Amino acid sequence: MGMTSFAGCAAFFSLLIANSQALAGTSEPTTNRPMPSDEAQADNLAADDVAFFEKKIRPVLAQQCFPCHSSDNPSKQKARLSLNLREGVIHGGQSGPAVVPGKPDESLLIRAISRVDPELSMPPAKPLSEEVVADFREWVRRGAPDPRSHRNSSTVTVPAEQNGSSHWSFQRPVAPSVPEVANAEWPKSNEDRFILAALEARQLSPVRDADRAALLRRLTFDLTGLPPTVEDVVAFTRMDNPESLAQAVDRLLASPQFGEKWARHWLDVARYAESTGKTVNFAYPNAWRYRDYVIHSFNDDKPWDQFIREQLAGDLLPSDSPARAAECQIATGFLAIGPKTLNERNGLKFELDIADEQIDVTTQAFLGITVACARCHDHKFDPVSQRDYYAMSGIFRSTETCYGTVSFINAQRTSKLLSLSSDSGFVAATPPLSHDERAEIQRQIERVQESIRAMKDPVQKFLTGGQVSLLQAKLDAYEEDGTPKLLVMGVRDKAHGPEPPPRRFRFGGAGGFTYDGSRSIQDSPVYVRGEADQPQEERVPRGTVQILCNVPLSISDSTSGRLELAEWIASRDNPLTARVLVNRVWLQLFGKGLVPSSDDFGLAGQPPTHPELLDFLTVRFMDEGWSVKTLIRHLVLTHTYQLDSISNADALAVDPDNTLLWRTAPRRLTAESIRDAMLRCSGQLNLNPPAGSAVAEAGEGPVTRFRFGPDPIARALNNPDDNHRSIYLPVVRDNLPDSMELFDAADPSLITPERGQTIVPSQALYLMNNTFVLRVSRQMADELLTMPADEDRLRMAWLRCYGRGPLPAEKEKALEFVTQFSAKLQLVNSERNEREAWAALCQALFASAEFQLRR
């Protein structure tokens with residue numbers, strides 16, 4: 001069953017789509033809209049694209065390109081190319097457009113900096129690093145997003161600190177008074193009163209309530225990432241108890257699947273992955289412990305301020321048991337799981353890059369601002385100076401990041417891992433190593449070493465030496481008796497005292513390199529333009545963003561300052577932290593944040609649509625103990641959350657983007673929920689969490705090549721027989737499973753508070769032809785065929801997939817399709833004909849718009 005199966009169900013499939021659109025309220029009138037202005041295009045860029053340009057692209061252009069290609073220096077301008085202007089990048093110079101958006105291989109700028117043409121190699125003096133070239137390729141692949149308008153020049157204008165002090169998000173939230181509304185019967189909560197007051201101010205009214213079946217499906221997907229069971233649908237739709245919704249909410253919040261759903265949102269922000277990514281991609285076999293820590297934290301409703309402290313400074317927190325100490329150490333994996341450039345030869349630059357990545361994730365994840373944009377110069381938009389940046393850099397440069405990896409060919413930047421105590425209660429992901437298995441690995445090492453000794457080519461010796469490293473890493477993961485070591489990624493403070501002399505390392509018998517980064521606690525200097533070879537003499541005391549911190553952090557000489565930083569971020573006095581979290585929860589439940597730029601609360605971000613409501617929620621969130629579950633419970637019990645997704649022409653004309661929340665806006669399920677829903681509907685979903693991950697099974701080393709024996713990672717990435725929830729799929733940077741990548745799962749190399757949504761042909765092709773989809777379609781058909789009557793089968797199929805029974809027209813077309821499809825197969829075995837026909841029907845249900853929509 002594949003392409004031919006879908007050719008036979010086109011009419012039925014069209015009916016499903018039409019009904020889905022009508023039910024979801026997506027059939028809306030279209031209008032001719034004028035093209036946005038030049039400035040509007042710059043304003044409408046995604047926040048992560050703006051951040052990528054400001055951090056990765058603009059500094060390189062300014063340093064490497066503007067001296068010869070800037071309209072601000074006409075006497076020195078070459079080739080009539082103005083890279084200081086967005087139009088100059090697109091229109092180019094005398095050789096034509098510098099960039100073709102979306103097509104790196106066709107862009108002259110990329111060809112020039114890649115130096116593929118000797119006559120077009122830029123910059124002429126010194127090639128850009130592979131990492132910088134990769135950043136430019138990624139920028140062009142994204143469409144070359146550029147926030148500069150035609151008035152922008154190469155000059156970077158930076159607001160003075162006092163200019164941003166009055167910005168709304170930098171003020172402490174104060175609980176506002178709840179507004180009065182004309183329709184006093186409609187609100188079920190204070191949140192509703194804020195929403196209704198804004199609607200009434202525009203002479204608008206909310207639409208009708210969603211029916212109970214649609215509401216339960218919405219609620220169950222939002223809280224657990226799964227569709228409701230048939231039993232839950234039947235029971236809930238029959239209830240008329242006014243407390244039934246609250247009871248359903250409490251049941252779902254208490255479900256283990258709640259943590260799996262909401263952990264995934266945080267893992268998007270935390271850029272969780274099980275490999276380094278970048279130019280060489282090596283496994284993180286122990287990253288899964290951080291994933292499980294996040295899941296358990298959400299299930300336990302860990303207070304958000306405690307969650308912050310544990311991730312930034314868990315190793316420095318007091319603990320009353322080995323289990324508690326281990327949990328807090330695992331939490332610091334947040335700072336260790338980021339992407340790494342393992343082939344960076346400059347040790348100081350590698351250290352600065354790690355600190356930069358940690359500053360970026362810390363400030364974006366918890367504060368919603370981009371402090372890392374101040375590495376090369378004062379922040380272009382926000383009141384964050386270079387000194388602020390390097391004050392934070394000193395904290396993270398005084399921290400040892402323990403991420404593991406193994407020395408191998410061009411991967412030279414390894415680190416230690418941390419160990420958990422044997423009485424911590426945590427278990428290993430791999431089975432013990434038997435005496436015979438250990439002996440076999442040792443024999444393999446001896447054979448490779450013997451072959452190296454016989455080699456004359458030093459390069460070949462170097463390459464083959466990497467195989468020894470991989471084999472030795474296997475042995476190093478176990479104790480002498482074969483017991484797996486309890487290893488974990490994380491951080492700890494560096495040593496206190498004078499800086500020891502630089503160490504020189506050798507790898508594989510060829511060459512060597514000097515580690516010239518710091519190995520003790522110390523303040524950091526400011527580096528001119530962020531260049532590792534241009535430190536200023538003065539060192540900046542370790543600290544944080546001055547405008548947000550009324551009293552400078554008090555950091556002793558014997559500690560990195562991470563605990564003090566964590567306490568400041570997790571404080572009620574911090575104006576950003578609780579607001580950012582509340583906005584992210586609202587975003588997941590309502591489709592759009594109260595602050596639409598969910599990853600930018602700075603001056604370049606958008607103001608809140610309902611500022612009083614945001615502060616009301618923020619203050620209450622802190623007053624109620626920073627409880628995420630309590631916050632979610634409040635929001636899903638509002639009348640606003642329970643609205644239908646039906647459209648309204650009058651409201652649509654006034655508020656086409658549903659900013660005022662006059663209805664529930666339909667949106668597609670996440671990639672994980674689409675896959676997990678197919679597993680649940682087919683009866684195949686395995687709700688038991690797996691031990692570890694496929695990456696843990698594979699161990700240290702490259703994620704794709706140069707491994708001995710079968711490759712567990714390659715097998716697991718698109719394993720059609722894996723029935724576990726999608727959060728447990730391997731997350732390998734630059735190599736996500738098809739089911740995730742095609743449906744817009746977060747890029748694990750980026751901090752992603754809000755996922756984008758695309759509609760592309762490859763999604764439909766996946767649902768038509770992928771082995772996993774075909775398997776679950778047949779397995780759902782097998783379950784339906786255990787029921788004797790066709791009408792019962794159809795009702796069960798619709799209840800599982802849509803949370804409702806079939807409409808009369810759907811029932812008629814479905815039975816007609818099954819009959820005709822079975823007849824056309826003309827297989828010898830009539831039972832197989834029937835099975836394939838029902839499997840095709842199930843596949844059509846999975847591919848329909850209604851199945852993929854949360855409405």
# chains A, B, ... in the order shown; residues from 1 in each chain; ligands from 1

call {"tool": "select_by_dssp", "arguments": {"residues": "stretch 73-215 of chain A", "states": "alpha helix (DSSP H)", "output": "ChimeraX atom specification"}}
result
/A:86-91,108-114,130-141,190-201,212-215

call {"tool": "residues_around", "arguments": {"residues": "stretch 272-278 of chain A", "least_positions_apart": "2", "cutoff": "6 Å", "atoms": "only C-alpha atoms", "output": "short mmCIF file (atom, residue, chain, number, x, y, z; two decimals) with C-alpha atoms, in the first residue's frame"}}
result
data_model
loop_
_atom_site.label_atom_id
_atom_site.label_comp_id
_atom_site.auth_asym_id
_atom_site.auth_seq_id
_atom_site.Cartn_x
_atom_site.Cartn_y
_atom_site.Cartn_z
CA LEU A 267 14.12 21.13 25.64
CA ALA A 270 17.49 24.50 26.17
CA VAL A 280 32.51 17.58 13.37
CA ASN A 281 29.56 15.87 15.00
CA PHE A 282 30.34 13.69 18.02
CA ALA A 283 27.95 11.89 20.32
CA TYR A 284 26.90 12.97 23.81
CA ALA A 287 22.82 13.76 27.48
CA PRO A 339 26.97 22.72 20.22
CA LYS A 340 30.78 22.61 20.22
CA THR A 341 33.45 23.15 17.58
CA VAL A 731 18.28 14.02 18.91
CA VAL A 732 21.38 14.25 16.74
CA ARG A 733 22.31 17.72 15.54
CA PRO A 748 18.62 21.49 18.41
#

call {"tool": "closest_atom_pairs", "arguments": {"of": "stretch 278-385 of chain A", "to": "stretch 621-635 of chain A", "cutoff": "12 Å", "atoms": "only C-alpha atoms", "output": "tab-separated table"}}
result
residue	atom	partner	partner_atom	distance
A:Ser297	CA	A:Val628	CA	10.3
A:Phe298	CA	A:Val628	CA	7.9
A:Asn299	CA	A:Lys629	CA	8.8
A:Asp300	CA	A:Lys629	CA	9.2
A:Asp301	CA	A:Lys629	CA	6.1
A:Lys302	CA	A:Ser627	CA	7.0
A:Pro303	CA	A:Trp626	CA	5.0
A:Trp304	CA	A:Trp626	CA	5.2
A:Asp305	CA	A:Trp626	CA	6.5
A:Gln306	CA	A:Trp626	CA	8.7
A:Phe307	CA	A:Trp626	CA	9.8
A:Ile308	CA	A:Trp626	CA	11.0

call {"tool": "write_last_selection", "arguments": {"atoms": "C-alpha atoms", "output": "PDB file, in the first residue's frame"}}
result
ATOM      1  CA  SER A 297      10.927  18.129  37.059  1.00  0.00           C
ATOM      2  CA  PHE A 298       7.739  18.961  35.172  1.00  0.00           C
ATOM      3  CA  ASN A 299       5.933  15.906  36.512  1.00  0.00           C
ATOM      4  CA  ASP A 300       6.988  16.818  40.051  1.00  0.00           C
ATOM      5  CA  ASP A 301       5.905  20.432  39.484  1.00  0.00           C
ATOM      6  CA  LYS A 302       9.296  21.623  40.634  1.00  0.00           C
ATOM      7  CA  PRO A 303       9.050  25.357  41.436  1.00  0.00           C
ATOM      8  CA  TRP A 304      10.404  27.308  38.483  1.00  0.00           C
ATOM      9  CA  ASP A 305      12.856  29.325  40.565  1.00  0.00           C
ATOM     10  CA  GLN A 306      14.307  26.080  41.934  1.00  0.00           C
ATOM     11  CA  PHE A 307      14.449  24.656  38.396  1.00  0.00           C
ATOM     12  CA  ILE A 308      16.555  27.674  37.379  1.00  0.00           C
TER      13      ILE A 308
END

call {"tool": "closest_atom_pairs", "arguments": {"of": "stretch 683-713 of chain A", "to": "stretch 420-428 of chain A", "cutoff": "10 Å", "atoms": "only C-alpha atoms", "output": "CSV"}}
result
residue,atom,partner,partner_atom,distance
A:Ala691,CA,A:Ala428,CA,8.1
A:Gly692,CA,A:Ala428,CA,7.7
A:Ala696,CA,A:Ala428,CA,9.4

call {"tool": "closest_residue", "arguments": {"among": "A:Ser777, A:Thr405, A:Ser398, A:Gln852", "to": "A:Trp838", "atoms": "only C-alpha atoms"}}
result
A:Ser777
